[in-house]
>>> print(open('final-v1.cif').read())   # mmCIF, C-alpha atoms
data_my_file
#
loop_
_atom_site.group_PDB
_atom_site.id
_atom_site.type_symbol
_atom_site.label_atom_id
_atom_site.label_comp_id
_atom_site.auth_asym_id
_atom_site.auth_seq_id
_atom_site.Cartn_x
_atom_site.Cartn_y
_atom_site.Cartn_z
ATOM 1 C CA MET A 1 34.809 -3.224 -46.535
ATOM 2 C CA ASP A 2 38.043 -5.089 -45.894
ATOM 3 C CA THR A 3 38.900 -4.830 -42.201
ATOM 4 C CA LEU A 4 41.054 -7.946 -41.797
ATOM 5 C CA GLU A 5 44.331 -6.938 -40.183
ATOM 6 C CA THR A 6 46.765 -7.768 -37.423
ATOM 7 C CA MET A 7 46.180 -5.576 -34.384
ATOM 8 C CA PRO A 8 47.296 -5.332 -30.776
ATOM 9 C CA PHE A 9 44.876 -6.645 -28.158
ATOM 10 C CA THR A 10 44.336 -3.106 -26.888
ATOM 11 C CA ASP A 11 42.572 -2.307 -30.206
ATOM 12 C CA SER A 12 40.262 -5.352 -30.089
ATOM 13 C CA GLY A 13 37.311 -3.212 -28.976
ATOM 14 C CA SER A 14 37.280 -1.609 -32.409
ATOM 15 C CA ILE A 15 36.157 -4.922 -33.968
ATOM 16 C CA ALA A 16 32.606 -4.458 -32.681
ATOM 17 C CA ALA A 17 32.786 -0.636 -32.594
ATOM 18 C CA GLU A 18 32.755 -0.631 -28.800
ATOM 19 C CA PRO A 19 32.681 2.798 -27.159
ATOM 20 C CA PRO A 20 36.090 4.046 -25.981
ATOM 21 C CA HIS A 21 34.888 4.646 -22.413
ATOM 22 C CA PRO A 22 33.336 2.327 -19.788
ATOM 23 C CA HIS A 23 29.567 2.400 -19.370
ATOM 24 C CA ALA A 24 26.890 0.548 -17.461
ATOM 25 C CA TYR A 25 24.259 -1.542 -19.195
ATOM 26 C CA LEU A 26 21.621 -4.206 -18.589
ATOM 27 C CA GLY A 27 21.279 -7.317 -20.704
ATOM 28 C CA ASP A 28 18.887 -10.240 -20.591
ATOM 29 C CA ASN A 29 17.619 -12.986 -22.860
ATOM 30 C CA ARG A 30 14.977 -15.630 -23.371
ATOM 31 C CA VAL A 31 15.090 -18.999 -25.090
ATOM 32 C CA VAL A 32 12.012 -19.715 -27.206
ATOM 33 C CA ALA A 33 10.826 -22.660 -29.281
ATOM 34 C CA GLN A 34 9.589 -20.624 -32.234
ATOM 35 C CA LEU A 35 9.312 -17.119 -33.626
ATOM 36 C CA PRO A 36 5.645 -16.442 -34.374
ATOM 37 C CA ASP A 37 4.552 -13.123 -35.881
ATOM 38 C CA THR A 38 3.726 -11.719 -32.434
ATOM 39 C CA THR A 39 7.322 -12.300 -31.322
ATOM 40 C CA ILE A 40 8.710 -10.706 -34.476
ATOM 41 C CA ASP A 41 6.385 -7.721 -33.901
ATOM 42 C CA ALA A 42 7.679 -7.350 -30.309
ATOM 43 C CA ILE A 43 11.273 -7.512 -31.552
ATOM 44 C CA LEU A 44 10.678 -4.852 -34.204
ATOM 45 C CA GLU A 45 8.877 -2.602 -31.720
ATOM 46 C CA HIS A 46 11.748 -2.961 -29.260
ATOM 47 C CA ALA A 47 14.605 -2.461 -31.707
ATOM 48 C CA GLY A 48 13.063 -0.576 -34.630
ATOM 49 C CA PRO A 49 13.008 3.154 -35.342
ATOM 50 C CA GLY A 50 10.279 3.819 -32.763
ATOM 51 C CA ALA A 51 12.018 1.878 -29.978
ATOM 52 C CA PRO A 52 11.760 3.388 -26.476
ATOM 53 C CA LEU A 53 15.568 3.364 -26.078
ATOM 54 C CA PRO A 54 18.652 2.277 -28.037
ATOM 55 C CA THR A 55 19.069 -1.479 -27.745
ATOM 56 C CA VAL A 56 21.354 -4.091 -29.204
ATOM 57 C CA LEU A 57 18.983 -6.917 -30.027
ATOM 58 C CA ILE A 58 20.211 -10.312 -31.239
ATOM 59 C CA VAL A 59 18.145 -13.301 -32.367
ATOM 60 C CA ASP A 60 20.153 -16.533 -32.625
ATOM 61 C CA LEU A 61 19.161 -19.893 -34.054
ATOM 62 C CA LEU A 62 20.541 -22.380 -31.555
ATOM 63 C CA GLY A 63 22.538 -25.324 -32.818
ATOM 64 C CA GLY A 64 25.578 -27.217 -31.613
ATOM 65 C CA ALA A 65 24.935 -29.025 -28.323
ATOM 66 C CA TYR A 66 21.338 -27.789 -28.299
ATOM 67 C CA ALA A 67 20.691 -29.469 -31.657
ATOM 68 C CA ARG A 68 22.477 -32.681 -30.603
ATOM 69 C CA SER A 69 20.682 -33.104 -27.274
ATOM 70 C CA THR A 70 18.947 -36.421 -26.688
ATOM 71 C CA ALA A 71 16.670 -35.059 -23.952
ATOM 72 C CA PRO A 72 12.991 -35.392 -24.935
ATOM 73 C CA ASP A 73 11.691 -32.257 -26.688
ATOM 74 C CA PHE A 74 14.818 -30.329 -25.635
ATOM 75 C CA THR A 75 15.704 -29.203 -29.149
ATOM 76 C CA ALA A 76 12.108 -28.314 -30.026
ATOM 77 C CA GLN A 77 11.807 -26.216 -26.856
ATOM 78 C CA SER A 78 15.174 -24.473 -27.250
ATOM 79 C CA ARG A 79 15.323 -23.265 -30.835
ATOM 80 C CA TYR A 80 16.089 -19.514 -30.615
ATOM 81 C CA THR A 81 17.607 -17.042 -28.176
ATOM 82 C CA ILE A 82 16.402 -13.436 -28.104
ATOM 83 C CA ARG A 83 18.945 -11.161 -26.392
ATOM 84 C CA ALA A 84 18.639 -7.470 -25.508
ATOM 85 C CA LEU A 85 21.389 -5.161 -24.256
ATOM 86 C CA SER A 86 20.748 -1.507 -23.350
ATOM 87 C CA VAL A 87 23.001 1.221 -21.973
ATOM 88 C CA LEU A 88 22.083 2.755 -18.612
ATOM 89 C CA ASP A 89 22.106 6.522 -18.448
ATOM 90 C CA GLU A 90 21.367 9.139 -15.789
ATOM 91 C CA SER A 91 17.675 8.102 -15.694
ATOM 92 C CA GLY A 92 18.693 4.814 -14.045
ATOM 93 C CA PRO A 93 17.698 1.200 -14.693
ATOM 94 C CA ASP A 94 13.895 1.561 -14.601
ATOM 95 C CA PRO A 95 13.412 2.669 -18.256
ATOM 96 C CA VAL A 96 15.633 -0.211 -19.440
ATOM 97 C CA ARG A 97 13.812 -2.743 -17.264
ATOM 98 C CA ALA A 98 10.465 -1.469 -18.578
ATOM 99 C CA ALA A 99 11.605 -1.717 -22.199
ATOM 100 C CA HIS A 100 13.094 -5.191 -21.729
ATOM 101 C CA GLY A 101 9.941 -6.293 -19.919
ATOM 102 C CA LYS A 102 7.841 -5.089 -22.829
ATOM 103 C CA LEU A 103 9.944 -7.294 -25.104
ATOM 104 C CA PHE A 104 10.249 -10.396 -22.910
ATOM 105 C CA ASP A 105 6.921 -10.520 -21.025
ATOM 106 C CA PRO A 106 4.773 -11.580 -24.005
ATOM 107 C CA LEU A 107 7.170 -14.365 -25.019
ATOM 108 C CA THR A 108 6.460 -17.998 -24.329
ATOM 109 C CA ALA A 109 9.981 -18.643 -23.076
ATOM 110 C CA THR A 110 11.436 -22.043 -22.315
ATOM 111 C CA GLY A 111 14.428 -20.682 -20.430
ATOM 112 C CA ARG A 112 17.255 -18.183 -20.209
ATOM 113 C CA LEU A 113 20.957 -18.419 -20.988
ATOM 114 C CA ARG A 114 22.746 -17.333 -17.811
ATOM 115 C CA SER A 115 25.860 -16.451 -19.794
ATOM 116 C CA PHE A 116 24.102 -13.391 -21.220
ATOM 117 C CA VAL A 117 22.531 -11.696 -18.197
ATOM 118 C CA TYR A 118 24.124 -8.382 -17.269
ATOM 119 C CA GLY A 119 22.933 -6.540 -14.197
ATOM 120 C CA GLN A 120 19.993 -7.788 -12.174
ATOM 121 C CA PRO A 121 17.722 -9.790 -14.521
ATOM 122 C CA LEU A 122 14.003 -9.324 -14.818
ATOM 123 C CA ALA A 123 11.949 -11.800 -12.782
#
>>> encode(input="final-v1.cif", output="structure tokens")
Amino acid sequence: MDTLETMPFTDSGSIAAEPPHPHAYLGDNRVVAQLPDTTIDAILEHAGPGAPLPTVLIVDLLGGAYARSTAPDFTAQSRYTIRALSVLDESGPDPVRAAHGKLFDPLTATGRLRSFVYGQPLA
């Protein structure tokens, strides 16, 4: 599909198919050194067809400054970021926190990117 076009800034939300109305959501992430099968299984359970709630889930391979760091073991310990973003509805934040906890709790995380934490993060 060819969607390259000039558009006014007010239409920029259509690039990522953002909803036309404001909404509340929670987002959190973890930095991990590797993606073993258990992590992939947790990701698929959280974002697959049987997921407990709709979630935008992103797994990024870190590069750039992370890859160029000279700190000992920094690159090896900071290889991937797993990010989850879920809309809050009338049931409140508890179902989202439970679902995100189910994803993040089993991970052997080396950190968190503070630039992708929306709402109050999990402990």
>>> atom_distance(input="final-v1.cif", atom1="atom CA of A:Pro93", atom2="atom CA of A:Asp60")
25.3 Å
>>> resolve_selection(input="final-v1.cif", expression="the PyMOL selection byres ((chain A and resi 87) around 8)", output="ChimeraX atom specification")
/A:23-26,54-55,85-86,88-89,96
>>> write_last_selection(input="final-v1.cif", atoms="C-alpha atoms", output="PDB file, keeping the file's coordinate frame")
ATOM      1  CA  HIS A  23      29.567   2.400 -19.370  1.00  0.00           C
ATOM      2  CA  ALA A  24      26.890   0.548 -17.461  1.00  0.00           C
ATOM      3  CA  TYR A  25      24.259  -1.542 -19.195  1.00  0.00           C
ATOM      4  CA  LEU A  26      21.621  -4.206 -18.589  1.00  0.00           C
ATOM      5  CA  PRO A  54      18.652   2.277 -28.037  1.00  0.00           C
ATOM      6  CA  THR A  55      19.069  -1.479 -27.745  1.00  0.00           C
ATOM      7  CA  LEU A  85      21.389  -5.161 -24.256  1.00  0.00           C
ATOM      8  CA  SER A  86      20.748  -1.507 -23.350  1.00  0.00           C
ATOM      9  CA  LEU A  88      22.083   2.755 -18.612  1.00  0.00           C
ATOM     10  CA  ASP A  89      22.106   6.522 -18.448  1.00  0.00           C
ATOM     11  CA  VAL A  96      15.633  -0.211 -19.440  1.00  0.00           C
TER      12      VAL A  96
END
>>> closest_residue(input="final-v1.cif", among="A:Arg114, A:His21, A:His46, A:Arg79", to="A:Lys102", atoms="all atoms listed in the file")
A:His46
>>> atom_distance(input="final-v1.cif", atom1="atom CA of A:Asn29", atom2="atom CA of A:Pro49")
20.9 Å
>>> closest_residue(input="final-v1.cif", among="A:Leu53, A:Ile58, A:Val31, A:Ile82", to="A:Arg97", atoms="all atoms listed in the file")
A:Leu53
>>> atom_distance(input="final-v1.cif", atom1="atom CA of A:Phe116", atom2="atom CA of A:Arg30")
9.6 Å
>>> closest_residue(input="final-v1.cif", among="A:Ala51, A:Glu45, A:Ala84, A:Ser78", to="A:Tyr118", atoms="all atoms listed in the file")
A:Ala84
>>> closest_residue(input="final-v1.cif", among="A:Glu5, A:Glu18, A:Asp11, A:Asp28", to="A:Thr81", atoms="only C-alpha atoms")
A:Asp28
>>> closest_residue(input="final-v1.cif", among="A:Asp94, A:Arg112, A:Val117, A:Pro106", to="A:Asp37", atoms="only C-alpha atoms")
A:Pro106
>>> closest_residue(input="final-v1.cif", among="A:Gly119, A:Pro95, A:Thr3, A:Leu61", to="A:Ala33", atoms="only C-alpha atoms")
A:Leu61
